[in-house]
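Report on one structure; see the data block that follows.
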Amino acid sequence: MSEKAIAAKQLVVDEIKGKIENAKSVTLVGFDRMDVKEITDLRNKFREKDTEYKVYKNTMMRFAFEELGYTELIEDLKGSNALIFSNTELVDGPKIAVDYRKENDENADKLTLKSGIVEGNYQNSEQMMAIATLPGTEVLHSMLANVLQAPIRTLAGDLNNTISKLAIALNEVASKKENEAA
């Protein structure tokens, strides 16, 4: 193999590595019997969420996975594969893939979630499916804020009720003393 061909292949491996390192999550999917229109439609769905669906040769992906230390992913490199790079929200790529699979029974056979990387950690197929069901980061942050605020809201309400009851009791005592004085 010529040095030029080796350099070109190394560029592809470096591209894959760069995309993996910059993505919030990476999903390895297998696609089978998908025609060009279906893949184009799927890519458009990914683009809407700042997510990229990219097909690479298995050999190039294997080299990238080895160089980055994600050897667990190599076992899933059988058949036609693509990588989904979620650049903004880590759940976007897996969620779009799972939603596509749910559109009809044929799609479930055509696109399979094999494994992935989330925040630098290997995830198997079941874990990637579970990640797809999670809400986005903003929703999780608001849920956490609500959980943290609940005890404070309860305490404030309880204090307000206690102060109100105390004010009513003092008002009644004052009224009673006025009546006794009169």
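Residues in the structure tokens are numbered from 1 in each chain, the chains being A, B, ... in the order shown, and ligands are numbered from 1 in the order shown.
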Report as a PDB file with N, CA and C atoms, in the first residue's frame all protein, DNA and RNA residues lying within 12 Å of Leu113 (chain A), evaluated on only C-alpha atoms, omitting residues in the same chain fewer than 3 positions from it.
ATOM      1  N   VAL A  26     -21.662   8.907  21.566  1.00  0.00           N
ATOM      2  CA  VAL A  26     -21.475   8.273  20.260  1.00  0.00           C
ATOM      3  C   VAL A  26     -22.253   6.961  20.300  1.00  0.00           C
ATOM      4  N   THR A  27     -23.051   6.735  19.277  1.00  0.00           N
ATOM      5  CA  THR A  27     -23.839   5.515  19.204  1.00  0.00           C
ATOM      6  C   THR A  27     -23.422   4.735  17.969  1.00  0.00           C
ATOM      7  N   LEU A  28     -23.079   3.475  18.145  1.00  0.00           N
ATOM      8  CA  LEU A  28     -22.768   2.594  17.026  1.00  0.00           C
ATOM      9  C   LEU A  28     -24.052   1.881  16.642  1.00  0.00           C
ATOM     10  N   VAL A  29     -24.476   2.082  15.404  1.00  0.00           N
ATOM     11  CA  VAL A  29     -25.704   1.448  14.927  1.00  0.00           C
ATOM     12  C   VAL A  29     -25.399   0.579  13.722  1.00  0.00           C
ATOM     13  N   GLY A  30     -26.170  -0.472  13.599  1.00  0.00           N
ATOM     14  CA  GLY A  30     -26.115  -1.309  12.411  1.00  0.00           C
ATOM     15  C   GLY A  30     -27.303  -0.955  11.539  1.00  0.00           C
ATOM     16  N   PHE A  31     -27.055  -0.848  10.250  1.00  0.00           N
ATOM     17  CA  PHE A  31     -28.171  -0.582   9.344  1.00  0.00           C
ATOM     18  C   PHE A  31     -28.162  -1.656   8.275  1.00  0.00           C
ATOM     19  N   ASP A  32     -29.332  -2.136   7.962  1.00  0.00           N
ATOM     20  CA  ASP A  32     -29.446  -3.233   7.014  1.00  0.00           C
ATOM     21  C   ASP A  32     -30.659  -2.973   6.126  1.00  0.00           C
ATOM     22  N   LEU A  73     -16.055  -1.780  21.712  1.00  0.00           N
ATOM     23  CA  LEU A  73     -16.872  -1.484  20.539  1.00  0.00           C
ATOM     24  C   LEU A  73     -16.481  -2.323  19.333  1.00  0.00           C
ATOM     25  N   ASP A  76     -18.594  -5.250  18.125  1.00  0.00           N
ATOM     26  CA  ASP A  76     -19.872  -4.974  17.472  1.00  0.00           C
ATOM     27  C   ASP A  76     -19.728  -4.566  16.008  1.00  0.00           C
ATOM     28  N   LEU A  77     -18.504  -4.531  15.507  1.00  0.00           N
ATOM     29  CA  LEU A  77     -18.264  -4.099  14.125  1.00  0.00           C
ATOM     30  C   LEU A  77     -18.464  -5.253  13.138  1.00  0.00           C
ATOM     31  N   ASN A  81     -22.311  -0.659   9.377  1.00  0.00           N
ATOM     32  CA  ASN A  81     -22.383   0.134  10.596  1.00  0.00           C
ATOM     33  C   ASN A  81     -22.232   1.616  10.311  1.00  0.00           C
ATOM     34  N   ALA A  82     -22.754   2.399  11.240  1.00  0.00           N
ATOM     35  CA  ALA A  82     -22.608   3.852  11.183  1.00  0.00           C
ATOM     36  C   ALA A  82     -22.425   4.352  12.613  1.00  0.00           C
ATOM     37  N   LEU A  83     -21.914   5.552  12.722  1.00  0.00           N
ATOM     38  CA  LEU A  83     -21.762   6.195  14.027  1.00  0.00           C
ATOM     39  C   LEU A  83     -22.683   7.402  14.088  1.00  0.00           C
ATOM     40  N   ILE A  84     -23.304   7.580  15.240  1.00  0.00           N
ATOM     41  CA  ILE A  84     -24.130   8.759  15.488  1.00  0.00           C
ATOM     42  C   ILE A  84     -23.410   9.585  16.543  1.00  0.00           C
ATOM     43  N   GLY A  93     -28.925  11.574  19.881  1.00  0.00           N
ATOM     44  CA  GLY A  93     -28.654  10.530  18.887  1.00  0.00           C
ATOM     45  C   GLY A  93     -29.388   9.234  19.168  1.00  0.00           C
ATOM     46  N   PRO A  94     -29.208   8.671  20.368  1.00  0.00           N
ATOM     47  CA  PRO A  94     -29.935   7.427  20.662  1.00  0.00           C
ATOM     48  C   PRO A  94     -31.451   7.603  20.604  1.00  0.00           C
ATOM     49  N   LYS A  95     -31.955   8.752  21.064  1.00  0.00           N
ATOM     50  CA  LYS A  95     -33.403   8.987  21.080  1.00  0.00           C
ATOM     51  C   LYS A  95     -33.967   9.007  19.651  1.00  0.00           C
ATOM     52  N   ILE A  96     -33.283   9.688  18.731  1.00  0.00           N
ATOM     53  CA  ILE A  96     -33.748   9.744  17.339  1.00  0.00           C
ATOM     54  C   ILE A  96     -33.713   8.343  16.731  1.00  0.00           C
ATOM     55  N   ALA A  97     -32.657   7.589  17.005  1.00  0.00           N
ATOM     56  CA  ALA A  97     -32.552   6.227  16.472  1.00  0.00           C
ATOM     57  C   ALA A  97     -33.685   5.345  16.998  1.00  0.00           C
ATOM     58  N   VAL A  98     -33.966   5.427  18.290  1.00  0.00           N
ATOM     59  CA  VAL A  98     -35.041   4.616  18.876  1.00  0.00           C
ATOM     60  C   VAL A  98     -36.396   5.063  18.318  1.00  0.00           C
ATOM     61  N   ASP A  99     -36.613   6.363  18.182  1.00  0.00           N
ATOM     62  CA  ASP A  99     -37.872   6.847  17.615  1.00  0.00           C
ATOM     63  C   ASP A  99     -38.046   6.347  16.180  1.00  0.00           C
ATOM     64  N   TYR A 100     -36.963   6.346  15.414  1.00  0.00           N
ATOM     65  CA  TYR A 100     -37.020   5.834  14.040  1.00  0.00           C
ATOM     66  C   TYR A 100     -37.416   4.355  14.049  1.00  0.00           C
ATOM     67  N   ARG A 101     -36.834   3.597  14.960  1.00  0.00           N
ATOM     68  CA  ARG A 101     -37.146   2.173  15.064  1.00  0.00           C
ATOM     69  C   ARG A 101     -38.619   1.952  15.408  1.00  0.00           C
ATOM     70  N   ASN A 107     -38.659  -0.735  10.297  1.00  0.00           N
ATOM     71  CA  ASN A 107     -37.539   0.095  10.749  1.00  0.00           C
ATOM     72  C   ASN A 107     -36.785  -0.542  11.904  1.00  0.00           C
ATOM     73  N   ALA A 108     -37.489  -1.270  12.749  1.00  0.00           N
ATOM     74  CA  ALA A 108     -36.831  -1.930  13.884  1.00  0.00           C
ATOM     75  C   ALA A 108     -35.829  -2.968  13.389  1.00  0.00           C
ATOM     76  N   ASP A 109     -36.109  -3.585  12.241  1.00  0.00           N
ATOM     77  CA  ASP A 109     -35.185  -4.564  11.673  1.00  0.00           C
ATOM     78  C   ASP A 109     -34.052  -3.894  10.900  1.00  0.00           C
ATOM     79  N   LYS A 110     -34.301  -2.690  10.417  1.00  0.00           N
ATOM     80  CA  LYS A 110     -33.318  -2.010   9.569  1.00  0.00           C
ATOM     81  C   LYS A 110     -32.247  -1.265  10.360  1.00  0.00           C
ATOM     82  N   GLY A 116     -22.288   1.994  22.430  1.00  0.00           N
ATOM     83  CA  GLY A 116     -21.938   3.403  22.329  1.00  0.00           C
ATOM     84  C   GLY A 116     -20.988   3.856  23.414  1.00  0.00           C
ATOM     85  N   ILE A 117     -20.732   5.143  23.368  1.00  0.00           N
ATOM     86  CA  ILE A 117     -19.870   5.795  24.346  1.00  0.00           C
ATOM     87  C   ILE A 117     -20.638   6.999  24.875  1.00  0.00           C
ATOM     88  N   GLN A 123     -21.019   1.793  26.645  1.00  0.00           N
ATOM     89  CA  GLN A 123     -22.386   1.394  26.991  1.00  0.00           C
ATOM     90  C   GLN A 123     -22.814   0.299  26.022  1.00  0.00           C
ATOM     91  N   ASN A 124     -23.445  -0.748  26.522  1.00  0.00           N
ATOM     92  CA  ASN A 124     -23.930  -1.799  25.635  1.00  0.00           C
ATOM     93  C   ASN A 124     -25.277  -1.385  25.021  1.00  0.00           C
ATOM     94  N   SER A 125     -25.838  -2.275  24.232  1.00  0.00           N
ATOM     95  CA  SER A 125     -27.077  -1.967  23.512  1.00  0.00           C
ATOM     96  C   SER A 125     -28.221  -1.606  24.454  1.00  0.00           C
ATOM     97  N   GLU A 126     -28.404  -2.398  25.512  1.00  0.00           N
ATOM     98  CA  GLU A 126     -29.500  -2.139  26.451  1.00  0.00           C
ATOM     99  C   GLU A 126     -29.313  -0.790  27.151  1.00  0.00           C
ATOM    100  N   GLN A 127     -28.091  -0.482  27.503  1.00  0.00           N
ATOM    101  CA  GLN A 127     -27.821   0.799  28.158  1.00  0.00           C
ATOM    102  C   GLN A 127     -28.085   1.971  27.210  1.00  0.00           C
ATOM    103  N   MET A 128     -27.733   1.811  25.936  1.00  0.00           N
ATOM    104  CA  MET A 128     -27.997   2.881  24.969  1.00  0.00           C
ATOM    105  C   MET A 128     -29.508   3.057  24.771  1.00  0.00           C
ATOM    106  N   MET A 129     -30.252   1.955  24.787  1.00  0.00           N
ATOM    107  CA  MET A 129     -31.718   2.051  24.672  1.00  0.00           C
ATOM    108  C   MET A 129     -32.283   2.773  25.897  1.00  0.00           C
ATOM    109  N   ALA A 130     -31.745   2.496  27.071  1.00  0.00           N
ATOM    110  CA  ALA A 130     -32.203   3.160  28.293  1.00  0.00           C
ATOM    111  C   ALA A 130     -31.860   4.648  28.249  1.00  0.00           C
ATOM    112  N   ILE A 131     -30.689   4.986  27.759  1.00  0.00           N
ATOM    113  CA  ILE A 131     -30.279   6.391  27.653  1.00  0.00           C
ATOM    114  C   ILE A 131     -31.224   7.138  26.721  1.00  0.00           C
ATOM    115  N   ALA A 132     -31.704   6.459  25.692  1.00  0.00           N
ATOM    116  CA  ALA A 132     -32.621   7.090  24.737  1.00  0.00           C
ATOM    117  C   ALA A 132     -33.935   7.505  25.388  1.00  0.00           C
TER     118      ALA A 132
END
| Near-Gly120 (chain A) list (12 Å; only C-alpha atoms; drop same-chain fewer than 2 positions) as a list of chain:residue names | A:Ile20, A:Glu21, A:Asn22, A:Ala23, A:Lys24, A:Ser25, A:Val26, A:Thr27, A:Phe65, A:Leu68, A:Gly69, A:Tyr70, A:Leu90, A:Gly116, A:Ile117, A:Val118, A:Tyr122, A:Gln123
| So which residues of chain A fall under strand (DSSP E or B) by DSSP, listed as a ChimeraX atom specification? | /A:25-31,51-55,81-86,111-118,121-124
Once you have the residues from the selection above, write them out as an mmCIF file, in the first residue's frame, restricted to C-alpha atoms.
data_model
loop_
_atom_site.group_PDB
_atom_site.id
_atom_site.type_symbol
_atom_site.label_atom_id
_atom_site.label_comp_id
_atom_site.auth_asym_id
_atom_site.auth_seq_id
_atom_site.Cartn_x
_atom_site.Cartn_y
_atom_site.Cartn_z
ATOM 1 C CA SER A 25 -22.229 10.640 23.126
ATOM 2 C CA VAL A 26 -21.475 8.273 20.260
ATOM 3 C CA THR A 27 -23.839 5.515 19.204
ATOM 4 C CA LEU A 28 -22.768 2.594 17.026
ATOM 5 C CA VAL A 29 -25.704 1.448 14.927
ATOM 6 C CA GLY A 30 -26.115 -1.309 12.411
ATOM 7 C CA PHE A 31 -28.171 -0.582 9.344
ATOM 8 C CA THR A 51 -26.389 15.220 15.658
ATOM 9 C CA GLU A 52 -24.444 13.559 12.870
ATOM 10 C CA TYR A 53 -25.035 10.149 11.287
ATOM 11 C CA LYS A 54 -21.889 9.043 9.484
ATOM 12 C CA VAL A 55 -20.977 5.788 7.759
ATOM 13 C CA ASN A 81 -22.383 0.134 10.596
ATOM 14 C CA ALA A 82 -22.608 3.852 11.183
ATOM 15 C CA LEU A 83 -21.762 6.195 14.027
ATOM 16 C CA ILE A 84 -24.130 8.759 15.488
ATOM 17 C CA PHE A 85 -22.348 11.708 17.096
ATOM 18 C CA SER A 86 -24.524 13.664 19.551
ATOM 19 C CA LEU A 111 -31.632 0.024 12.317
ATOM 20 C CA THR A 112 -30.171 -1.539 15.476
ATOM 21 C CA LEU A 113 -28.414 0.155 18.357
ATOM 22 C CA LYS A 114 -25.318 -1.944 19.004
ATOM 23 C CA SER A 115 -23.383 -0.012 21.631
ATOM 24 C CA GLY A 116 -21.938 3.403 22.329
ATOM 25 C CA ILE A 117 -19.870 5.795 24.346
ATOM 26 C CA VAL A 118 -21.444 8.227 26.805
ATOM 27 C CA ASN A 121 -17.723 5.275 29.105
ATOM 28 C CA TYR A 122 -18.671 2.224 27.046
ATOM 29 C CA GLN A 123 -22.386 1.394 26.991
ATOM 30 C CA ASN A 124 -23.930 -1.799 25.635
#
| said: According to DSSP computed on the backbone, where in region 7-171 of chain A is there helix (DSSP H, G or I)? Give the residues as a ChimeraX atom specification. | reply: /A:7-22,36-48,58-68,71-76,92-103,105-110,125-132,137-171
